[in-house]
Amino acid sequence: MNDKKEKRASVEIAEPRFQQELKDREVLAGDTARFDVKVIGRPEPVVKWLKNGKPLEKDSRVKFVDEPEVGLHSLLITGTGVRDEGLYKVTVSNTAGSVSCEAQLFVEGKSGWCNGHQLRLPPLRPGMKS
């Protein structure tokens, strides 16, 4: 009888593993950045997102989209700007363990926005300093 319980317990608990890890992203200012990971694990892993080592909080621009039935977890950042550039890390954990991966977000066209219009400066000529 103990053998059946042990086999059942080993099937129900599995440490998280990535089937798809984060990838570096490059977006234009004002566009949406999306980071996706696909994970498996039992019990279902808890997902935590960080930016530059600090926990990310959901707000009007930052969204967490979870599709646990397929193991897909996404971070969406709308209206990106220079403030969003940095190192993003996701940690997934359950009672069996924890794994993490990270990726960089680069935002092009950092000149900014004014009244809903993107301001673009021409590229610098050789020899000019920014």
# chains A, B, ... in the order shown; residues from 1 in each chain; ligands from 1
>>> residues_around(residues="Val65 in chain A", least_positions_apart="5", cutoff="7 Å", atoms="only C-alpha atoms", output="MDAnalysis selection string")
chainID A and resid 73:75
>>> residues_around(residues="Arg42 in chain A", least_positions_apart="4", cutoff="9 Å", atoms="only C-alpha atoms", output="list in words")
Val11, Glu12, Ile13, Ala14, Glu15, Pro16, Asn94, Thr95 and Ala96 of chain A
>>> residues_around(residues="Val37 in chain A", least_positions_apart="6", cutoff="10 Å", atoms="only C-alpha atoms", output="VMD selection string")
chain A and resid 18 to 23 47 66 71 to 75 90 92 101
>>> write_last_selection(atoms="all heavy atoms", output="compact mmCIF listing (two decimals), in the first residue's frame")
# COMPACT_ATOMS: atom_id res chain seq x y z
N PHE A 18 11.04 25.13 -17.43
CA PHE A 18 10.66 25.98 -18.56
C PHE A 18 10.58 25.14 -19.83
O PHE A 18 11.49 24.39 -20.13
CB PHE A 18 11.68 27.11 -18.78
CG PHE A 18 11.61 28.19 -17.74
CD1 PHE A 18 12.65 28.35 -16.83
CD2 PHE A 18 10.53 29.05 -17.69
CE1 PHE A 18 12.60 29.35 -15.88
CE2 PHE A 18 10.47 30.06 -16.73
CZ PHE A 18 11.51 30.20 -15.83
N GLN A 19 9.50 25.33 -20.57
CA GLN A 19 9.41 24.78 -21.91
C GLN A 19 9.73 25.89 -22.91
O GLN A 19 10.09 25.62 -24.04
CB GLN A 19 8.01 24.23 -22.18
CG GLN A 19 7.71 22.98 -21.35
CD GLN A 19 6.34 22.42 -21.68
OE1 GLN A 19 5.35 23.14 -21.69
NE2 GLN A 19 6.29 21.12 -21.91
N GLN A 20 9.59 27.14 -22.47
CA GLN A 20 9.96 28.31 -23.26
C GLN A 20 10.44 29.38 -22.28
O GLN A 20 9.72 29.71 -21.34
CB GLN A 20 8.76 28.82 -24.06
CG GLN A 20 9.03 30.11 -24.81
CD GLN A 20 7.77 30.65 -25.48
OE1 GLN A 20 6.90 29.90 -25.88
NE2 GLN A 20 7.68 31.97 -25.57
N GLU A 21 11.66 29.87 -22.49
CA GLU A 21 12.22 30.89 -21.60
C GLU A 21 12.02 32.29 -22.19
O GLU A 21 11.64 32.44 -23.35
CB GLU A 21 13.71 30.63 -21.38
CG GLU A 21 13.96 29.37 -20.59
CD GLU A 21 15.41 29.23 -20.14
OE1 GLU A 21 16.18 30.22 -20.21
OE2 GLU A 21 15.77 28.12 -19.71
N LEU A 22 12.26 33.30 -21.37
CA LEU A 22 12.19 34.69 -21.82
C LEU A 22 13.22 34.94 -22.90
O LEU A 22 14.31 34.35 -22.88
CB LEU A 22 12.46 35.65 -20.66
CG LEU A 22 11.44 35.71 -19.54
CD1 LEU A 22 11.93 36.67 -18.45
CD2 LEU A 22 10.09 36.13 -20.05
N LYS A 23 12.90 35.87 -23.79
CA LYS A 23 13.83 36.30 -24.83
C LYS A 23 13.93 37.82 -24.78
O LYS A 23 12.95 38.50 -24.49
CB LYS A 23 13.33 35.88 -26.21
CG LYS A 23 13.30 34.38 -26.40
CD LYS A 23 12.77 34.02 -27.76
CE LYS A 23 12.70 32.50 -27.87
NZ LYS A 23 11.92 32.07 -29.00
N VAL A 47 3.92 32.35 -10.21
CA VAL A 47 4.77 33.15 -11.10
C VAL A 47 4.98 34.54 -10.51
O VAL A 47 4.03 35.20 -10.11
CB VAL A 47 4.11 33.26 -12.50
CG1 VAL A 47 4.95 34.11 -13.42
CG2 VAL A 47 3.88 31.87 -13.09
N ASP A 66 -2.13 34.99 -17.51
CA ASP A 66 -1.81 33.60 -17.18
C ASP A 66 -2.81 32.67 -17.85
O ASP A 66 -4.02 32.89 -17.76
CB ASP A 66 -1.84 33.39 -15.66
CG ASP A 66 -0.80 34.25 -14.96
OD1 ASP A 66 0.38 34.15 -15.31
OD2 ASP A 66 -1.19 35.03 -14.07
N GLY A 71 0.13 26.33 -19.50
CA GLY A 71 1.41 26.69 -18.88
C GLY A 71 2.01 27.98 -19.38
O GLY A 71 3.19 28.25 -19.16
N LEU A 72 1.23 28.82 -20.06
CA LEU A 72 1.73 30.06 -20.62
C LEU A 72 1.50 31.21 -19.64
O LEU A 72 0.39 31.40 -19.15
CB LEU A 72 1.04 30.36 -21.95
CG LEU A 72 1.51 31.60 -22.70
CD1 LEU A 72 2.98 31.47 -23.12
CD2 LEU A 72 0.64 31.83 -23.93
N HIS A 73 2.56 31.98 -19.39
CA HIS A 73 2.49 33.14 -18.51
C HIS A 73 3.16 34.30 -19.23
O HIS A 73 4.29 34.16 -19.71
CB HIS A 73 3.17 32.85 -17.16
CG HIS A 73 2.56 31.68 -16.47
ND1 HIS A 73 1.43 31.77 -15.70
CD2 HIS A 73 2.92 30.37 -16.46
CE1 HIS A 73 1.12 30.58 -15.22
NE2 HIS A 73 1.99 29.72 -15.68
N SER A 74 2.47 35.43 -19.30
CA SER A 74 2.96 36.56 -20.08
C SER A 74 2.96 37.85 -19.26
O SER A 74 2.12 38.03 -18.38
CB SER A 74 2.08 36.77 -21.32
OG SER A 74 2.01 35.60 -22.09
N LEU A 75 3.89 38.70 -19.61
CA LEU A 75 3.97 40.06 -19.07
C LEU A 75 3.77 40.99 -20.25
O LEU A 75 4.49 40.89 -21.25
CB LEU A 75 5.33 40.30 -18.41
CG LEU A 75 5.70 41.75 -18.10
CD1 LEU A 75 4.75 42.35 -17.07
CD2 LEU A 75 7.13 41.84 -17.62
N VAL A 90 11.66 36.41 -14.46
CA VAL A 90 10.49 35.69 -14.00
C VAL A 90 10.97 34.50 -13.18
O VAL A 90 11.92 33.82 -13.55
CB VAL A 90 9.57 35.25 -15.17
CG1 VAL A 90 10.27 34.28 -16.11
CG2 VAL A 90 8.28 34.65 -14.65
N VAL A 92 9.39 31.07 -11.29
CA VAL A 92 8.24 30.19 -11.09
C VAL A 92 8.62 29.19 -10.02
O VAL A 92 9.71 28.62 -10.04
CB VAL A 92 7.78 29.51 -12.40
CG1 VAL A 92 7.24 30.52 -13.36
CG2 VAL A 92 8.90 28.74 -13.04
N CYS A 101 14.41 32.79 -15.14
CA CYS A 101 15.13 33.19 -16.34
C CYS A 101 14.93 34.69 -16.50
O CYS A 101 14.06 35.28 -15.86
CB CYS A 101 14.67 32.41 -17.58
SG CYS A 101 12.95 32.66 -18.06
>>> closest_residue(among="A:Asp84, A:Glu108, A:Glu102, A:Glu69", to="Gly41 in chain A", atoms="only C-alpha atoms")
A:Glu69
>>> closest_residue(among="A:Gly86, A:Arg61, A:Phe35, A:Thr91", to="Gln104 in chain A", atoms="only C-alpha atoms")
A:Gly86
>>> closest_residue(among="A:Tyr88, A:Gly30, A:Leu76, A:Glu67", to="Ser100 in chain A", atoms="only C-alpha atoms")
A:Tyr88
>>> select_by_dssp(residues="range 29-63 of chain A", states="strand (DSSP E)", output="number ranges by chain")
A: 33-42, 46-51, 54-55, 62-63
>>> atom_distance(atom1="CA of Arg17 in chain A", atom2="CA of Phe106 in chain A")
26.5 Å
>>> closest_residue(among="A:Glu85, A:Asp59, A:Glu44, A:Asp36", to="Gly109 in chain A", atoms="only C-alpha atoms")
A:Glu85
>>> closest_residue(among="A:Val62, A:Val82, A:Ile77, A:Leu105", to="Thr32 in chain A", atoms="only C-alpha atoms")
A:Ile77
>>> atom_distance(atom1="CA of Leu50 in chain A", atom2="CA of Pro68 in chain A")
19.6 Å
>>> atom_distance(atom1="CA of Ser93 in chain A", atom2="CA of Lys58 in chain A")
19.4 Å
